[in-house]
Amino acid sequence: MNTQAFGVKIPDGLMRSVKAGRIAHAFLLSGPHGTGKRTCANYLTQTILCASPQAPCGQCPACKKVLAGLHPDVHVVGEEEKSISVDTIRALRDQLALRPFEADRHIALIPRADRMTAQAQNALLKTLEEPAGGNVFFLLTDQPGAMLPTIVSRCRRLRFSPVSVEACAEILAEKGVEPGRARLAAACAQGAVGRALEIAGDEDYLPLREKALSSLKALSGGKAGVARAISFLGEGKSAAARAPEWLEILEVVARDLMARENGGTPYGDTGDLKLDGRALLLGVMETRKLAASNVSFLAALEKMYLALTGSR
Ligand SMILES: [Zn+2]
């Protein structure tokens, strides 16, 4: 195995065949956010386009342009779009039909491939069925189930998964993150190294965790404490914007409470918090589901907090 930055492992056989020019024309990289899909796609793109026999050298103009996101023959598609339309895919197909500027082929990167509409996926399928000029596609997704099976079956599949929390914390510590912070960030990210690095570098995250703990402590006041518990989240839009992180933090607190109940080692200090860890974990799952289905996050959180006041 070839270990790269972020702890991403690329199979040796794959690296050998890419270096030898035997390249699949479509790759599907799937796994949770922050597990290294983009890093791997960039690394393979460099390997394909690098001019050096020691590809990827990281030094030649092609390598540098790929790293900087400035290579004219690397097409990143739909990165900012909530839904990738058939027109976007047709425009890509038109670009790929032109002669490349600098490389001997085009590389197309679709970072959120699951956001393609069904029509867009069908248009892409046609391109994948009739590959031209050695062009290579990288499709990235954290929801492979949202992809057409016919597309999936035409791709070389690479799966990405979080590492253990301990291994993740070690990688962060090697990158200079203070060990205690590394351990907590690794736990909050549940072993997704890229996400853990984001958390460790986010000055607002650990204060937010303190607020979340205070919020849960307020629930000891029974039903009357619920309004106060929610007030720690802040108000209006900024509160809703923090929903994913808030739930991420509560999930880790829940797992820590369960570890404490079972004599295991918690990742962070949960203080004298008296809550049923399992009930909190189930509450987090339910709240995520509700918030994804058009229920306002604050309403869903209130429902969970009310249920928890009866679960101590
Ligand atoms: Zn190079």
# chains A, B, ... in the order shown; residues from 1 in each chain; ligands from 1
>>> closest_atom_pairs(of="chain A", to="ligand 1", cutoff="8 Å", atoms="only C-alpha atoms and all ligand atoms", output="CSV")
residue,atom,partner,partner_atom_place_in_ligand_line,distance
A:Gln46,CA,ligand 1,1 (Zn),6.5
A:Thr47,CA,ligand 1,1 (Zn),7.2
A:Leu49,CA,ligand 1,1 (Zn),7.2
A:Cys50,CA,ligand 1,1 (Zn),3.7
A:Ala51,CA,ligand 1,1 (Zn),5.2
A:Ser52,CA,ligand 1,1 (Zn),5.3
A:Gln54,CA,ligand 1,1 (Zn),7.6
A:Ala55,CA,ligand 1,1 (Zn),5.6
A:Pro56,CA,ligand 1,1 (Zn),4.7
A:Cys57,CA,ligand 1,1 (Zn),4.0
A:Gly58,CA,ligand 1,1 (Zn),4.8
A:Gln59,CA,ligand 1,1 (Zn),5.3
A:Cys60,CA,ligand 1,1 (Zn),4.2
A:Pro61,CA,ligand 1,1 (Zn),6.8
A:Ala62,CA,ligand 1,1 (Zn),5.8
A:Cys63,CA,ligand 1,1 (Zn),4.3
A:Lys64,CA,ligand 1,1 (Zn),7.3
>>> write_last_selection(atoms="N, CA and C atoms", output="PDB file, in the first residue's frame")
ATOM      1  N   GLN A  46      -2.460  13.815 -10.751  1.00  0.00           N
ATOM      2  CA  GLN A  46      -1.046  14.206 -10.887  1.00  0.00           C
ATOM      3  C   GLN A  46      -0.244  13.064 -11.504  1.00  0.00           C
ATOM      4  N   THR A  47      -0.502  11.852 -11.009  1.00  0.00           N
ATOM      5  CA  THR A  47       0.259  10.697 -11.512  1.00  0.00           C
ATOM      6  C   THR A  47       0.038  10.515 -13.011  1.00  0.00           C
ATOM      7  N   LEU A  49      -0.880  12.871 -15.218  1.00  0.00           N
ATOM      8  CA  LEU A  49      -0.443  13.998 -16.056  1.00  0.00           C
ATOM      9  C   LEU A  49       1.026  14.377 -15.861  1.00  0.00           C
ATOM     10  N   CYS A  50       1.675  13.839 -14.831  1.00  0.00           N
ATOM     11  CA  CYS A  50       3.057  14.233 -14.508  1.00  0.00           C
ATOM     12  C   CYS A  50       4.015  13.893 -15.646  1.00  0.00           C
ATOM     13  N   ALA A  51       5.004  14.773 -15.840  1.00  0.00           N
ATOM     14  CA  ALA A  51       5.971  14.599 -16.924  1.00  0.00           C
ATOM     15  C   ALA A  51       7.180  13.782 -16.479  1.00  0.00           C
ATOM     16  N   SER A  52       7.323  13.555 -15.173  1.00  0.00           N
ATOM     17  CA  SER A  52       8.530  12.890 -14.665  1.00  0.00           C
ATOM     18  C   SER A  52       8.358  11.376 -14.646  1.00  0.00           C
ATOM     19  N   GLN A  54       9.293   9.666 -12.226  1.00  0.00           N
ATOM     20  CA  GLN A  54       8.917   9.405 -10.826  1.00  0.00           C
ATOM     21  C   GLN A  54       7.543  10.022 -10.510  1.00  0.00           C
ATOM     22  N   ALA A  55       6.581   9.769 -11.341  1.00  0.00           N
ATOM     23  CA  ALA A  55       5.271  10.392 -11.164  1.00  0.00           C
ATOM     24  C   ALA A  55       4.612   9.893  -9.880  1.00  0.00           C
ATOM     25  N   PRO A  56       3.919  10.748  -9.147  1.00  0.00           N
ATOM     26  CA  PRO A  56       3.862  12.200  -9.342  1.00  0.00           C
ATOM     27  C   PRO A  56       5.021  12.902  -8.622  1.00  0.00           C
ATOM     28  N   CYS A  57       5.761  13.711  -9.356  1.00  0.00           N
ATOM     29  CA  CYS A  57       6.959  14.321  -8.775  1.00  0.00           C
ATOM     30  C   CYS A  57       6.605  15.496  -7.870  1.00  0.00           C
ATOM     31  N   GLY A  58       5.442  16.116  -8.114  1.00  0.00           N
ATOM     32  CA  GLY A  58       5.042  17.261  -7.295  1.00  0.00           C
ATOM     33  C   GLY A  58       5.753  18.546  -7.683  1.00  0.00           C
ATOM     34  N   GLN A  59       6.717  18.464  -8.635  1.00  0.00           N
ATOM     35  CA  GLN A  59       7.551  19.622  -8.969  1.00  0.00           C
ATOM     36  C   GLN A  59       7.346  20.139 -10.388  1.00  0.00           C
ATOM     37  N   CYS A  60       6.951  19.254 -11.310  1.00  0.00           N
ATOM     38  CA  CYS A  60       6.852  19.680 -12.715  1.00  0.00           C
ATOM     39  C   CYS A  60       5.645  20.617 -12.868  1.00  0.00           C
ATOM     40  N   PRO A  61       5.593  21.374 -13.978  1.00  0.00           N
ATOM     41  CA  PRO A  61       4.477  22.309 -14.152  1.00  0.00           C
ATOM     42  C   PRO A  61       3.114  21.616 -14.068  1.00  0.00           C
ATOM     43  N   ALA A  62       3.010  20.396 -14.647  1.00  0.00           N
ATOM     44  CA  ALA A  62       1.712  19.703 -14.620  1.00  0.00           C
ATOM     45  C   ALA A  62       1.297  19.409 -13.176  1.00  0.00           C
ATOM     46  N   CYS A  63       2.215  18.853 -12.388  1.00  0.00           N
ATOM     47  CA  CYS A  63       1.904  18.532 -10.987  1.00  0.00           C
ATOM     48  C   CYS A  63       1.480  19.791 -10.229  1.00  0.00           C
ATOM     49  N   LYS A  64       2.248  20.880 -10.435  1.00  0.00           N
ATOM     50  CA  LYS A  64       1.949  22.109  -9.697  1.00  0.00           C
ATOM     51  C   LYS A  64       0.598  22.673 -10.090  1.00  0.00           C
TER      52      LYS A  64
END
>>> residues_around(residues="A:Ile84", least_positions_apart="6", cutoff="7 Å", atoms="only C-alpha atoms", output="number ranges by chain")
A: 78, 115-117, 120
>>> write_last_selection(atoms="N, CA and C atoms", output="PDB file, in the first residue's frame")
ATOM      1  N   GLY A  78     -19.503  21.033 -11.355  1.00  0.00           N
ATOM      2  CA  GLY A  78     -20.659  21.086 -10.453  1.00  0.00           C
ATOM      3  C   GLY A  78     -20.326  21.209  -8.981  1.00  0.00           C
ATOM      4  N   ARG A 115     -25.019  14.401  -6.796  1.00  0.00           N
ATOM      5  CA  ARG A 115     -25.920  15.540  -7.029  1.00  0.00           C
ATOM      6  C   ARG A 115     -26.367  15.638  -8.478  1.00  0.00           C
ATOM      7  N   MET A 116     -25.885  14.743  -9.324  1.00  0.00           N
ATOM      8  CA  MET A 116     -26.357  14.735 -10.712  1.00  0.00           C
ATOM      9  C   MET A 116     -27.813  14.279 -10.748  1.00  0.00           C
ATOM     10  N   THR A 117     -28.649  14.972 -11.518  1.00  0.00           N
ATOM     11  CA  THR A 117     -30.019  14.507 -11.698  1.00  0.00           C
ATOM     12  C   THR A 117     -29.975  13.183 -12.475  1.00  0.00           C
ATOM     13  N   ALA A 120     -29.001  13.848 -15.917  1.00  0.00           N
ATOM     14  CA  ALA A 120     -27.572  14.145 -16.037  1.00  0.00           C
ATOM     15  C   ALA A 120     -26.761  12.851 -15.980  1.00  0.00           C
TER      16      ALA A 120
END
>>> closest_residue(among="A:Leu29, A:Leu247, A:Tyr267, A:Pro100", to="A:Ala169", atoms="only C-alpha atoms")
A:Tyr267
>>> residues_around(residues="A:Arg93", least_positions_apart="2", cutoff="12 Å", atoms="only C-alpha atoms", output="number ranges by chain")
A: 75, 77, 86-91, 95-98, 106-108, 120, 123-128, 130-132, 135, 137
>>> closest_residue(among="A:Gly277, A:Pro111, A:Gly134, A:Gly145", to="A:Lys82", atoms="only C-alpha atoms")
A:Pro111
>>> closest_residue(among="A:Thr39, A:Ser83, A:Ser164, A:Ser215", to="A:Leu301", atoms="only C-alpha atoms")
A:Ser215
>>> select_by_dssp(residues="stretch 41-138 of chain A", states="helix (DSSP H, G or I)", output="PyMOL selection string")
chain A and resi 41-49+61-68+86-97+113-115+118-129
>>> atom_distance(atom1="atom CA of A:Gln190", atom2="atom CA of A:Cys168")
8.6 Å
>>> atom_distance(atom1="atom CA of A:Asp73", atom2="atom CA of A:Met147")
25.2 Å
>>> closest_residue(among="A:Ala68, A:Ala254, A:Met304, A:Leu140", to="A:Gly268", atoms="only C-alpha atoms")
A:Ala254
>>> closest_residue(among="A:Gly34, A:Asp202, A:Thr287, A:Arg157", to="A:Pro11", atoms="only C-alpha atoms")
A:Arg157
>>> select_by_dssp(residues="stretch 120-219 of chain A", states="strand (DSSP E or B)", output="ChimeraX atom specification")
/A:136-141,156-159
>>> write_last_selection(atoms="N, CA and C atoms", output="mmCIF file, in the first residue's frame")
data_model
loop_
_atom_site.group_PDB
_atom_site.id
_atom_site.type_symbol
_atom_site.label_atom_id
_atom_site.label_comp_id
_atom_site.auth_asym_id
_atom_site.auth_seq_id
_atom_site.Cartn_x
_atom_site.Cartn_y
_atom_site.Cartn_z
ATOM 1 N N VAL A 136 -10.189 10.573 -18.611
ATOM 2 C CA VAL A 136 -10.422 9.859 -17.357
ATOM 3 C C VAL A 136 -11.417 10.642 -16.492
ATOM 4 N N PHE A 137 -12.396 9.926 -15.937
ATOM 5 C CA PHE A 137 -13.397 10.532 -15.057
ATOM 6 C C PHE A 137 -13.157 10.095 -13.613
ATOM 7 N N PHE A 138 -13.226 11.064 -12.696
ATOM 8 C CA PHE A 138 -13.236 10.752 -11.267
ATOM 9 C C PHE A 138 -14.580 11.205 -10.702
ATOM 10 N N LEU A 139 -15.386 10.248 -10.269
ATOM 11 C CA LEU A 139 -16.673 10.568 -9.646
ATOM 12 C C LEU A 139 -16.520 10.332 -8.145
ATOM 13 N N LEU A 140 -16.831 11.354 -7.359
ATOM 14 C CA LEU A 140 -16.681 11.253 -5.903
ATOM 15 C C LEU A 140 -18.061 11.353 -5.257
ATOM 16 N N THR A 141 -18.292 10.531 -4.249
ATOM 17 C CA THR A 141 -19.593 10.618 -3.575
ATOM 18 C C THR A 141 -19.537 10.075 -2.154
ATOM 19 N N ARG A 156 -14.156 1.867 -12.023
ATOM 20 C CA ARG A 156 -13.270 1.196 -11.066
ATOM 21 C C ARG A 156 -13.596 1.800 -9.702
ATOM 22 N N ARG A 157 -13.979 0.935 -8.752
ATOM 23 C CA ARG A 157 -14.513 1.410 -7.487
ATOM 24 C C ARG A 157 -13.415 1.508 -6.433
ATOM 25 N N LEU A 158 -13.297 2.641 -5.760
ATOM 26 C CA LEU A 158 -12.372 2.787 -4.642
ATOM 27 C C LEU A 158 -13.179 3.231 -3.430
ATOM 28 N N ARG A 159 -13.103 2.450 -2.348
ATOM 29 C CA ARG A 159 -13.898 2.772 -1.163
ATOM 30 C C ARG A 159 -13.018 3.392 -0.084
#
>>> closest_residue(among="A:Ala300, A:Ala292, A:Leu44, A:Ala186", to="A:Ile171", atoms="only C-alpha atoms")
A:Ala186
>>> residues_around(residues="stretch 255-258 of chain A", least_positions_apart="2", cutoff="8 Å", atoms="only C-alpha atoms", output="list in words")
Glu251, Val252, Val253, Arg260, Glu261, Asn262, Thr265, Pro266, Tyr267, Gly268, Thr270, Leu275, Asp276, Gly277, Arg278 and Leu281 of chain A
>>> write_last_selection(atoms="N, CA and C atoms", output="compact mmCIF listing (two decimals), in the first residue's frame")
# COMPACT_ATOMS: atom_id res chain seq x y z
N GLU A 251 -23.43 13.62 19.44
CA GLU A 251 -23.23 12.18 19.20
C GLU A 251 -21.99 11.68 19.94
N VAL A 252 -20.91 12.46 19.90
CA VAL A 252 -19.68 12.04 20.59
C VAL A 252 -19.89 12.05 22.10
N VAL A 253 -20.63 13.07 22.61
CA VAL A 253 -20.94 13.10 24.04
C VAL A 253 -21.73 11.85 24.42
N ARG A 260 -18.58 5.70 29.58
CA ARG A 260 -18.47 5.89 31.02
C ARG A 260 -19.35 4.88 31.76
N GLU A 261 -20.57 4.69 31.22
CA GLU A 261 -21.49 3.73 31.86
C GLU A 261 -20.92 2.31 31.81
N ASN A 262 -20.18 2.01 30.72
CA ASN A 262 -19.69 0.63 30.54
C ASN A 262 -18.26 0.45 30.99
N THR A 265 -13.15 4.04 28.02
CA THR A 265 -12.44 5.31 28.10
C THR A 265 -13.14 6.35 27.23
N PRO A 266 -13.69 7.41 27.86
CA PRO A 266 -14.33 8.47 27.05
C PRO A 266 -13.26 9.29 26.32
N TYR A 267 -13.64 9.96 25.24
CA TYR A 267 -12.70 10.78 24.47
C TYR A 267 -12.56 12.18 25.06
N GLY A 268 -13.68 12.70 25.56
CA GLY A 268 -13.62 14.05 26.13
C GLY A 268 -14.19 14.01 27.53
N THR A 270 -16.91 14.65 30.07
CA THR A 270 -18.34 14.94 30.08
C THR A 270 -18.77 15.47 31.45
N LEU A 275 -27.01 11.93 32.01
CA LEU A 275 -27.98 11.64 30.97
C LEU A 275 -27.77 10.19 30.53
N ASP A 276 -28.81 9.60 29.96
CA ASP A 276 -28.70 8.25 29.43
C ASP A 276 -28.05 8.36 28.04
N GLY A 277 -26.82 7.85 27.92
CA GLY A 277 -26.06 7.97 26.66
C GLY A 277 -26.79 7.38 25.48
N ARG A 278 -27.41 6.22 25.70
CA ARG A 278 -28.09 5.53 24.60
C ARG A 278 -29.29 6.35 24.12
N LEU A 281 -28.01 9.21 22.07
CA LEU A 281 -27.57 8.78 20.74
C LEU A 281 -28.77 8.55 19.82
>>> residues_around(residues="A:Gly222", least_positions_apart="3", cutoff="7 Å", atoms="only C-alpha atoms", output="ChimeraX atom specification")
/A:219,225,309
>>> atom_distance(atom1="atom CA of A:Ser214", atom2="atom CA of A:Pro32")
29.0 Å
